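Structure first, then comments.
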Amino acid sequence: MKIKTWMLAAIRPLVITVVFCSAYVFTSCSSNVIDSVTPSEEEEYTGVPLVILDTDIGSSTDDLFTLEMLHYYQQQGRCKLLGVVVDREGEDCAACADVINTYFNNGDVPIGLVRDGAKNLKVWIDYKALLTNKKSDSTPVFARSISDYSALPDGWQLYRRLLAKQPDHSVSICSIGFTTCLAQLLESEGDDYSPLSGVELVRRKVKCLYIQGGSFGLSPEPDYNFFQALAFAKTFFRLWPSDVDIIFDPMETGNGIEYLPEQVIADISWTDEHPIKQVYMTCNCNTGQMMWDPLTAINAVEGDDLFTLTERGTVVLNDDGTVIFTPSATGNSRFQMPGDSAWRSFMLEKIRNVNKTH
């Protein structure tokens, strides 16, 4: 029945996003804290999905495809990209996000950067050379919009700034990296942006968190994103409000949705001056990439109909980086189930079509 649903969605000109989040009920917020936010300072909500991307850009290419897809959705009027939070340390990582934003004519999308995050993280594909690629006349191939990355706000500060301005229960967060900035946000106290604590700000403003992480198969494995920044992940799981929805995009769901290098280069045949094509042409990117991360953006923007989601439940993080899902009608968590070969092909083609469009 689900397959029929997503196949029907494929032929619709637009997909209406309806995400049911239990965050609409507030039983633990004191009324005086809620009332301290001035409604006139909030932006008007039009119903278009409002998205913040939280990414460890600078290592795996599925982060690049996810950011590209969000820009594509925005160009179609199907979402508004509020900001990009870079949760991998290094100004050059933030610069990679700046290149993508600028290339898609969205250089004004704000970027935040983690400065006290996880250390000594593995780099799978180092594509920071993208920043120094030159044309034949020695000018940079790719323009950037930010002149001083040291002036960027910390990721958690950008979260607070963006969330405080949005209508209640309106923001979707796509987390495709580490939970460093999310943990720091949840630990934060009231400030000039909002008198609410980080936990209350999330409870007040976030509609749903779409997070790439976890393994819920028959033989659960430690999750890379959680385990590599385990202390932050523990803080995140401990503090995330139980009445704000989470949809997990686990490893096994994206397995088999492989975008091969030769496909990437062929799909962007219309130019060589495309940042993702440059990565595949110049950065020793000679292996395929599973499309784990883009599934968060597709779910956030296009809705649940394209996915088979589990029943509600709760998720607990173990010390070894594995997670346990326990069904519960009152739980805030669901996760995407793996689809069959037809579904995987459908999702890959959806991602490829973005690169074929120019």
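Going through the structure tokens in order, the chains are called A, B, and so on, while each chain numbers its residues from 1 and the ligands are numbered from 1 in the order shown.
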Residues within 7 Å of A:Ile52, only C-alpha atoms, excluding chain neighbours under 2 positions, as a JSON list (two decimals) with all heavy atoms, in the first residue's frame:
```json
[["chain", "number", "residue", "atom", "x", "y", "z"],
["A", 54, "ASP", "N", 21.66, 20.96, 9.34],
["A", 54, "ASP", "CA", 22.76, 20.77, 10.28],
["A", 54, "ASP", "C", 23.65, 19.68, 9.69],
["A", 54, "ASP", "O", 23.27, 18.51, 9.63],
["A", 54, "ASP", "CB", 22.20, 20.35, 11.64],
["A", 54, "ASP", "CG", 23.21, 20.43, 12.77],
["A", 54, "ASP", "OD1", 24.40, 20.13, 12.52],
["A", 54, "ASP", "OD2", 22.82, 20.77, 13.90],
["A", 81, "LEU", "N", 15.02, 27.73, 3.02],
["A", 81, "LEU", "CA", 16.21, 27.33, 3.76],
["A", 81, "LEU", "C", 16.60, 28.48, 4.68],
["A", 81, "LEU", "O", 17.09, 29.52, 4.22],
["A", 81, "LEU", "CB", 17.34, 26.98, 2.79],
["A", 81, "LEU", "CG", 18.67, 26.54, 3.40],
["A", 81, "LEU", "CD1", 18.50, 25.31, 4.29],
["A", 81, "LEU", "CD2", 19.71, 26.28, 2.32],
["A", 82, "LEU", "N", 16.38, 28.30, 5.97],
["A", 82, "LEU", "CA", 16.63, 29.37, 6.92],
["A", 82, "LEU", "C", 18.11, 29.56, 7.20],
["A", 82, "LEU", "O", 18.57, 30.69, 7.43],
["A", 82, "LEU", "CB", 15.91, 29.07, 8.24],
["A", 82, "LEU", "CG", 14.40, 28.97, 8.20],
["A", 82, "LEU", "CD1", 13.87, 28.59, 9.58],
["A", 82, "LEU", "CD2", 13.78, 30.29, 7.75],
["A", 83, "GLY", "N", 18.87, 28.48, 7.24],
["A", 83, "GLY", "CA", 20.28, 28.57, 7.58],
["A", 83, "GLY", "C", 20.95, 27.23, 7.50],
["A", 83, "GLY", "O", 20.30, 26.18, 7.42],
["A", 84, "VAL", "N", 22.28, 27.26, 7.53],
["A", 84, "VAL", "CA", 23.11, 26.05, 7.51],
["A", 84, "VAL", "C", 24.00, 26.07, 8.74],
["A", 84, "VAL", "O", 24.78, 27.01, 8.95],
["A", 84, "VAL", "CB", 23.96, 25.97, 6.24],
["A", 84, "VAL", "CG1", 24.85, 24.71, 6.27],
["A", 84, "VAL", "CG2", 23.09, 25.97, 4.99],
["A", 172, "SER", "N", 11.50, 22.77, 10.57],
["A", 172, "SER", "CA", 11.99, 21.41, 10.40],
["A", 172, "SER", "C", 13.52, 21.47, 10.38],
["A", 172, "SER", "O", 14.10, 22.27, 9.65],
["A", 172, "SER", "CB", 11.49, 20.80, 9.08],
["A", 172, "SER", "OG", 10.08, 20.68, 9.09],
["A", 173, "ILE", "N", 14.15, 20.63, 11.19],
["A", 173, "ILE", "CA", 15.61, 20.55, 11.22],
["A", 173, "ILE", "C", 16.03, 19.26, 10.54],
["A", 173, "ILE", "O", 15.53, 18.18, 10.87],
["A", 173, "ILE", "CB", 16.15, 20.58, 12.66],
["A", 173, "ILE", "CG1", 15.81, 21.90, 13.33],
["A", 173, "ILE", "CG2", 17.67, 20.36, 12.67],
["A", 173, "ILE", "CD1", 16.18, 21.95, 14.82],
["A", 174, "CYS", "N", 16.92, 19.37, 9.56],
["A", 174, "CYS", "CA", 17.54, 18.20, 8.93],
["A", 174, "CYS", "C", 18.94, 18.06, 9.49],
["A", 174, "CYS", "O", 19.83, 18.85, 9.17],
["A", 174, "CYS", "CB", 17.58, 18.36, 7.42],
["A", 174, "CYS", "SG", 15.97, 18.36, 6.61]]
```
Checklist entry - Which polymer residues have any atom within 12 Å of an atom of A:Cys208, counting only C-alpha atoms, with same-chain residues fewer than 5 positions away left out, as a ChimeraX atom specification? => result /A:18-24,49-52,168-175,202-203,240-248,296-297,299-301,303-304,332-334
Item to check | Interatomic distance (Å, one decimal) between atom CA of A:Pro294 and atom CA of A:Asp63 | outcome: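 Between atom CA of A:Pro294 and atom CA of A:Asp63 the gap works out to 7.4 Å.
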Item to check | All alpha helix (DSSP H) residues (DSSP, backbone) inside stretch 51-168 of chain A, as a ChimeraX atom specification | outcome: /A:62-75,91-103,155-165
So that I can check the surroundings of stretch 227-234 of chain A, please list as a PDB file with N, CA, C and O atoms, in the first residue's frame every protein, DNA and RNA residue that reaches within 9 Å of it, counting only C-alpha atoms and ignoring chain neighbours fewer than 3 positions away.
```
ATOM      1  N   GLY A 117      33.518  21.400  19.168  1.00  0.00           N
ATOM      2  CA  GLY A 117      32.789  20.183  18.864  1.00  0.00           C
ATOM      3  C   GLY A 117      33.638  18.938  18.993  1.00  0.00           C
ATOM      4  O   GLY A 117      34.613  18.895  19.749  1.00  0.00           O
ATOM      5  N   ALA A 118      33.281  17.907  18.246  1.00  0.00           N
ATOM      6  CA  ALA A 118      34.021  16.646  18.267  1.00  0.00           C
ATOM      7  C   ALA A 118      35.383  16.828  17.591  1.00  0.00           C
ATOM      8  O   ALA A 118      35.507  17.561  16.608  1.00  0.00           O
ATOM      9  N   LYS A 119      36.391  16.140  18.129  1.00  0.00           N
ATOM     10  CA  LYS A 119      37.765  16.309  17.658  1.00  0.00           C
ATOM     11  C   LYS A 119      38.223  15.097  16.849  1.00  0.00           C
ATOM     12  O   LYS A 119      37.718  13.994  17.004  1.00  0.00           O
ATOM     13  N   LEU A 121      38.056  13.992  13.796  1.00  0.00           N
ATOM     14  CA  LEU A 121      37.079  13.229  13.038  1.00  0.00           C
ATOM     15  C   LEU A 121      37.662  12.754  11.713  1.00  0.00           C
ATOM     16  O   LEU A 121      38.442  13.461  11.066  1.00  0.00           O
ATOM     17  N   LYS A 122      37.270  11.577  11.298  1.00  0.00           N
ATOM     18  CA  LYS A 122      37.741  11.026  10.035  1.00  0.00           C
ATOM     19  C   LYS A 122      37.155  11.820   8.874  1.00  0.00           C
ATOM     20  O   LYS A 122      35.984  12.219   8.898  1.00  0.00           O
ATOM     21  N   PHE A 178      26.843  15.402  13.003  1.00  0.00           N
ATOM     22  CA  PHE A 178      26.955  15.122  14.426  1.00  0.00           C
ATOM     23  C   PHE A 178      25.951  15.990  15.200  1.00  0.00           C
ATOM     24  O   PHE A 178      25.473  17.001  14.694  1.00  0.00           O
ATOM     25  N   THR A 179      25.662  15.588  16.414  1.00  0.00           N
ATOM     26  CA  THR A 179      24.680  16.331  17.215  1.00  0.00           C
ATOM     27  C   THR A 179      25.348  17.367  18.121  1.00  0.00           C
ATOM     28  O   THR A 179      24.789  17.770  19.130  1.00  0.00           O
ATOM     29  N   THR A 180      26.537  17.813  17.729  1.00  0.00           N
ATOM     30  CA  THR A 180      27.292  18.751  18.556  1.00  0.00           C
ATOM     31  C   THR A 180      26.539  20.056  18.786  1.00  0.00           C
ATOM     32  O   THR A 180      26.338  20.488  19.923  1.00  0.00           O
ATOM     33  N   CYS A 181      26.107  20.700  17.702  1.00  0.00           N
ATOM     34  CA  CYS A 181      25.438  21.995  17.825  1.00  0.00           C
ATOM     35  C   CYS A 181      24.046  21.853  18.423  1.00  0.00           C
ATOM     36  O   CYS A 181      23.595  22.737  19.161  1.00  0.00           O
ATOM     37  N   LEU A 182      23.375  20.748  18.119  1.00  0.00           N
ATOM     38  CA  LEU A 182      22.066  20.515  18.729  1.00  0.00           C
ATOM     39  C   LEU A 182      22.197  20.360  20.244  1.00  0.00           C
ATOM     40  O   LEU A 182      21.387  20.897  20.999  1.00  0.00           O
ATOM     41  N   ALA A 183      23.235  19.632  20.688  1.00  0.00           N
ATOM     42  CA  ALA A 183      23.455  19.467  22.123  1.00  0.00           C
ATOM     43  C   ALA A 183      23.752  20.811  22.776  1.00  0.00           C
ATOM     44  O   ALA A 183      23.230  21.129  23.858  1.00  0.00           O
ATOM     45  N   GLN A 184      24.590  21.619  22.123  1.00  0.00           N
ATOM     46  CA  GLN A 184      24.923  22.932  22.674  1.00  0.00           C
ATOM     47  C   GLN A 184      23.706  23.847  22.697  1.00  0.00           C
ATOM     48  O   GLN A 184      23.535  24.645  23.629  1.00  0.00           O
ATOM     49  N   PRO A 222      26.767   0.193  15.916  1.00  0.00           N
ATOM     50  CA  PRO A 222      27.000   1.548  16.423  1.00  0.00           C
ATOM     51  C   PRO A 222      26.849   2.558  15.292  1.00  0.00           C
ATOM     52  O   PRO A 222      27.342   2.335  14.181  1.00  0.00           O
ATOM     53  N   ASP A 223      26.151   3.612  15.551  1.00  0.00           N
ATOM     54  CA  ASP A 223      25.958   4.640  14.535  1.00  0.00           C
ATOM     55  C   ASP A 223      27.171   5.553  14.479  1.00  0.00           C
ATOM     56  O   ASP A 223      27.638   6.049  15.506  1.00  0.00           O
ATOM     57  N   TYR A 224      27.687   5.798  13.277  1.00  0.00           N
ATOM     58  CA  TYR A 224      28.897   6.609  13.124  1.00  0.00           C
ATOM     59  C   TYR A 224      28.692   8.013  13.677  1.00  0.00           C
ATOM     60  O   TYR A 224      29.506   8.509  14.468  1.00  0.00           O
ATOM     61  N   PHE A 237      20.244  13.228  23.340  1.00  0.00           N
ATOM     62  CA  PHE A 237      19.178  12.293  23.660  1.00  0.00           C
ATOM     63  C   PHE A 237      18.572  12.584  25.041  1.00  0.00           C
ATOM     64  O   PHE A 237      17.380  12.383  25.252  1.00  0.00           O
ATOM     65  N   ARG A 238      19.387  13.074  25.950  1.00  0.00           N
ATOM     66  CA  ARG A 238      18.902  13.352  27.300  1.00  0.00           C
ATOM     67  C   ARG A 238      18.006  14.590  27.342  1.00  0.00           C
ATOM     68  O   ARG A 238      17.022  14.624  28.090  1.00  0.00           O
ATOM     69  N   LEU A 239      18.316  15.594  26.531  1.00  0.00           N
ATOM     70  CA  LEU A 239      17.642  16.880  26.651  1.00  0.00           C
ATOM     71  C   LEU A 239      16.577  17.141  25.591  1.00  0.00           C
ATOM     72  O   LEU A 239      15.741  18.045  25.784  1.00  0.00           O
ATOM     73  N   LEU A 317      19.833   5.838  23.397  1.00  0.00           N
ATOM     74  CA  LEU A 317      21.210   5.678  22.925  1.00  0.00           C
ATOM     75  C   LEU A 317      22.025   4.925  23.964  1.00  0.00           C
ATOM     76  O   LEU A 317      22.057   5.297  25.134  1.00  0.00           O
ATOM     77  N   ASN A 318      22.701   3.864  23.528  1.00  0.00           N
ATOM     78  CA  ASN A 318      23.580   3.095  24.405  1.00  0.00           C
ATOM     79  C   ASN A 318      24.997   3.654  24.389  1.00  0.00           C
ATOM     80  O   ASN A 318      25.375   4.431  23.506  1.00  0.00           O
ATOM     81  N   ASP A 319      25.799   3.233  25.353  1.00  0.00           N
ATOM     82  CA  ASP A 319      27.169   3.727  25.470  1.00  0.00           C
ATOM     83  C   ASP A 319      28.045   3.316  24.294  1.00  0.00           C
ATOM     84  O   ASP A 319      29.084   3.938  24.045  1.00  0.00           O
ATOM     85  N   ASP A 320      27.653   2.267  23.575  1.00  0.00           N
ATOM     86  CA  ASP A 320      28.452   1.825  22.439  1.00  0.00           C
ATOM     87  C   ASP A 320      28.004   2.458  21.120  1.00  0.00           C
ATOM     88  O   ASP A 320      28.489   2.100  20.050  1.00  0.00           O
ATOM     89  N   GLY A 321      27.082   3.408  21.178  1.00  0.00           N
ATOM     90  CA  GLY A 321      26.637   4.094  19.977  1.00  0.00           C
ATOM     91  C   GLY A 321      25.467   3.434  19.276  1.00  0.00           C
ATOM     92  O   GLY A 321      24.986   3.958  18.267  1.00  0.00           O
ATOM     93  N   THR A 322      25.004   2.299  19.778  1.00  0.00           N
ATOM     94  CA  THR A 322      23.810   1.677  19.221  1.00  0.00           C
ATOM     95  C   THR A 322      22.575   2.335  19.824  1.00  0.00           C
ATOM     96  O   THR A 322      22.645   3.003  20.860  1.00  0.00           O
TER      97      THR A 322
END
```
Next on the checklist: For the strand (DSSP E or B) assignment from backbone DSSP, which residues of stretch 121-302 of chain A qualify? Please present them as a VMD selection string.
Outcome noted: chain A and resid 134 140 154 171 to 175 206 to 212 245 to 249 258 to 259 289 to 290
